[in-house]
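Chemist: Quick one: the structure is below, and I'll ask about it shortly.
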Amino acid sequence: MRAPREYHSLDDVRQALAGRLGRGHVPALFGRLDWFEALHRHCCAQLPLRILHAQEGEAEVWLFLVAPAPRRISALANWYSFSWAPIFLGAPDPAAQARLLDAVARALLAQCAQIDLYPLEDGTELLNALRRAGWFTVSRPMGGRHLLKMEGRSFEDYWAARPGRLRNLVRRKGRNSPFALSISDRLTDDLWTDYVDVHARSWKDAEPASGLDFLRALAEREAAAGTLRLGFARLDRRAVATQLWTIEHGVALIHKLSHDRACDGGSPGTLLSHAMFEQAIDQDRVTLIDYGTGDNGYKRDWMEQRVPLQRIDAFNPRAASAWLPAARTAISALVG
């Protein structure tokens with residue numbers, strides 16, 4: 001096995017990959033190079049990139065990381081990321097995956113004092129590799145993803161199984177509703193203006209400019225691929241609720257939703273969700289809907305499964321600067 005290589009430029013990574021982490025090769029959005037490029041460009045461009053690559057024959061592993069501080073690295077991920085994981089190419093078997101991760105973990109030990117990785121759905125193999133390399137590690141649950149597996153059901157079947165309070169709410173608010181609902185798979189300047197307008201009046205904190213730039217880049221890219229679903233509820237033609245979904249390979253991802261707080265009494269966001277779910281299930285024929293990270297209470301009404309997420313913190317025992325953070329993290333994990 002060749003010694004792992006480290007990249008500090010996504011242009012260099014793109015050249016090395018030669019399209020192998022593109023849409024045509026990677027079915028999952030969060031494992032594609034264009035996802036990492038947009039995330040870094042719009043959300044954390046100030047953080048140096050630390051992208052690790054190890055190869056054994058045709059088998060490869062890529063870890064997309066950033067350096068928020070000297071001798072510290074983190075996953076290239078944030079609140080828009082439903083998951084983060086090492087990316088394997090060449091279909092390595094479990095033993096080969098372990099060897100590739102071992103090589104990367106040893107290389108990091110020679111350079112870094114501290115690592116934090118989140119959100120991981122299953123970080124067992126990476127955790128084991130770090131421990132074999134000599135890292136002191138702390139693994140702990142942190143949040144979760146909310147999923148809905150359709151298993152051949154129609155929307156009617158799905159809706160009948162929702163909590164009574166949700167069905168009653170939609171029935172009451174949908175009767176003579178003043179809101180006009182629409183779902184588009186395209187993005188125009190006017191639609192984006194409406195989207196930004198709703199965000200500015202949302203119950204959520206205002207989206208920073210960098211976040212809106214990232215979301216627009218995502219929407220443009222996915223619209224071009226035909227996977228965008230951009231929903232609106234309008235009152236007297238003004239958008240008062242919006243949702244940004246993508247649907248690909250039978251999987252719907254709910255990226256962002258917001259609504260005008262002044263319209264809370266009419267529940268336009270809930271009515272829009274009802275329409276978005278219905279179209280995704282009966283027209284797009286999705287097999288899975290993913291509401292992303294966060295344990296917001298409203299998600300439990302719409303979804304049926306919670307998958308716990310994991311955070312890994314690793315500390316280099318050879319680095320004195322890591323000893324106190326390691327002790328604090330270990331204590332925090334025990335208390336938590």
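Residue numbers start at 1 in each chain; chains themselves are named A, B, ... in the order of the structure tokens; ligands are numbered from 1 in the order shown.
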What's the 9 Å shell around Arg71 (chain A), counting only C-alpha atoms, without same-chain residues fewer than 6 positions away, as number ranges by chain?
Modeler: A: 111-115
Chemist: Extract, using only C-alpha atoms, all DNA, RNA and protein residues at most 8 Å from region 271-282 of chain A, discarding same-chain residues fewer than 4 positions from it, and format them as an mmCIF file with C-alpha atoms, in the first residue's frame.
Modeler:
```cif
data_model
loop_
_atom_site.group_PDB
_atom_site.id
_atom_site.type_symbol
_atom_site.label_atom_id
_atom_site.label_comp_id
_atom_site.auth_asym_id
_atom_site.auth_seq_id
_atom_site.Cartn_x
_atom_site.Cartn_y
_atom_site.Cartn_z
ATOM 1 C CA MET A 150 -42.480 3.435 2.509
ATOM 2 C CA SER A 154 -49.524 4.528 -0.924
ATOM 3 C CA PHE A 155 -49.928 8.000 0.521
ATOM 4 C CA VAL A 170 -54.685 19.126 8.200
ATOM 5 C CA LYS A 173 -56.859 23.923 8.285
ATOM 6 C CA GLY A 174 -57.283 22.534 4.789
ATOM 7 C CA LEU A 181 -49.854 25.289 -2.902
ATOM 8 C CA ILE A 183 -44.305 22.307 -6.133
ATOM 9 C CA GLY A 231 -42.609 23.806 -2.583
ATOM 10 C CA PHE A 232 -44.515 26.992 -1.734
ATOM 11 C CA ALA A 233 -47.685 27.998 0.048
ATOM 12 C CA ALA A 241 -44.154 28.876 3.490
ATOM 13 C CA THR A 242 -41.494 27.026 1.571
ATOM 14 C CA GLN A 243 -39.711 23.673 1.560
ATOM 15 C CA ILE A 247 -35.573 13.262 -4.770
ATOM 16 C CA ALA A 252 -36.383 12.040 -0.747
ATOM 17 C CA SER A 267 -50.642 26.283 9.410
ATOM 18 C CA VAL A 286 -40.057 7.205 -3.226
ATOM 19 C CA THR A 287 -39.035 4.271 -1.059
#
```
Chemist: Just list the residues in region 73-150 of chain A DSSP gives alpha helix (DSSP H) on the backbone, as a PyMOL selection string.
Modeler: chain A and resi 94-109+124-133
Chemist: Can you tell me which residues surround region 84-96 of chain A at a distance of at most 6 Å, considering only C-alpha atoms, apart from same-chain residues fewer than 5 positions away, and format the answer as a list of chain:residue names?
Modeler: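 Listed by chain and then number, they are A:Glu58, A:Ala59, A:Glu60, A:Val61, A:Trp62, A:Leu63, A:Pro119, A:Leu120.
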Chemist: Let's have the selection written as a PDB file, in the first residue's frame, with N, CA, C and O atoms.
Modeler:
```
ATOM      1  N   GLU A  58      -6.783  -1.464  -6.501  1.00  0.00           N
ATOM      2  CA  GLU A  58      -7.895  -0.678  -7.028  1.00  0.00           C
ATOM      3  C   GLU A  58      -8.751  -0.070  -5.914  1.00  0.00           C
ATOM      4  O   GLU A  58      -9.650   0.723  -6.192  1.00  0.00           O
ATOM      5  N   ALA A  59      -8.524  -0.459  -4.684  1.00  0.00           N
ATOM      6  CA  ALA A  59      -9.344  -0.001  -3.565  1.00  0.00           C
ATOM      7  C   ALA A  59      -8.809   1.331  -3.031  1.00  0.00           C
ATOM      8  O   ALA A  59      -7.595   1.515  -2.893  1.00  0.00           O
ATOM      9  N   GLU A  60      -9.735   2.237  -2.716  1.00  0.00           N
ATOM     10  CA  GLU A  60      -9.358   3.556  -2.222  1.00  0.00           C
ATOM     11  C   GLU A  60     -10.276   3.977  -1.084  1.00  0.00           C
ATOM     12  O   GLU A  60     -11.414   3.522  -0.978  1.00  0.00           O
ATOM     13  N   VAL A  61      -9.765   4.888  -0.262  1.00  0.00           N
ATOM     14  CA  VAL A  61     -10.608   5.582   0.708  1.00  0.00           C
ATOM     15  C   VAL A  61     -10.265   7.068   0.656  1.00  0.00           C
ATOM     16  O   VAL A  61      -9.095   7.443   0.479  1.00  0.00           O
ATOM     17  N   TRP A  62     -11.299   7.895   0.749  1.00  0.00           N
ATOM     18  CA  TRP A  62     -11.156   9.350   0.794  1.00  0.00           C
ATOM     19  C   TRP A  62     -11.826   9.868   2.058  1.00  0.00           C
ATOM     20  O   TRP A  62     -12.951   9.485   2.364  1.00  0.00           O
ATOM     21  N   LEU A  63     -11.132  10.751   2.788  1.00  0.00           N
ATOM     22  CA  LEU A  63     -11.693  11.430   3.945  1.00  0.00           C
ATOM     23  C   LEU A  63     -11.641  12.933   3.694  1.00  0.00           C
ATOM     24  O   LEU A  63     -10.552  13.494   3.519  1.00  0.00           O
ATOM     25  N   PRO A 119     -21.524  14.310  11.377  1.00  0.00           N
ATOM     26  CA  PRO A 119     -22.379  13.246  11.933  1.00  0.00           C
ATOM     27  C   PRO A 119     -22.088  11.889  11.271  1.00  0.00           C
ATOM     28  O   PRO A 119     -22.131  11.764  10.058  1.00  0.00           O
ATOM     29  N   LEU A 120     -21.830  10.894  12.086  1.00  0.00           N
ATOM     30  CA  LEU A 120     -21.576   9.533  11.621  1.00  0.00           C
ATOM     31  C   LEU A 120     -22.782   8.659  11.932  1.00  0.00           C
ATOM     32  O   LEU A 120     -23.289   8.666  13.056  1.00  0.00           O
TER      33      LEU A 120
END
```
Chemist: For the strand (DSSP E) assignment from backbone DSSP, which residues of region 127-276 of chain A qualify? Please present them as a PyMOL selection string.
Modeler: chain A and resi 136-149+180-184+228-235+238-248+251-259
Chemist: Can you list, as a list in words, every protein, DNA or RNA residue that comes within 8 Å of Arg229 (chain A) when you count only C-alpha atoms, leaving out same-chain residues fewer than 2 positions away?
Modeler: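 The residues satisfying every condition are Ile183, Ser184, Asp185, Arg186, Thr227, Gly231, Leu244, Trp245, Thr246 and Ile247 of chain A.
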Chemist: How many Å lie between CA of Ala3 (chain A) and CA of Ile73 (chain A), rounded to one decimal?
Modeler: 19.3 Å
Chemist: Sorted by chain and rising residue number, which residues of region 169-275 of chain A lie within 12 Å of region 143-147 of chain A, and what are their closest atom pairs and distances in Å to one decimal, counting only C-alpha atoms, as JSON lines?
Modeler:
```
{"residue": "A:Val251", "atom": "CA", "partner": "A:Leu147", "partner_atom": "CA", "distance": 10.3}
{"residue": "A:Ala252", "atom": "CA", "partner": "A:Leu147", "partner_atom": "CA", "distance": 9.9}
{"residue": "A:Leu253", "atom": "CA", "partner": "A:Leu147", "partner_atom": "CA", "distance": 9.6}
{"residue": "A:Ile254", "atom": "CA", "partner": "A:His146", "partner_atom": "CA", "distance": 10.3}
```
Chemist: Calculate how many Å separate CA of Pro317 (chain A) from CA of Phe136 (chain A), rounding to one decimal.
Modeler: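 Pair CA of Pro317 (chain A) / CA of Phe136 (chain A) returns 6.5 Å.
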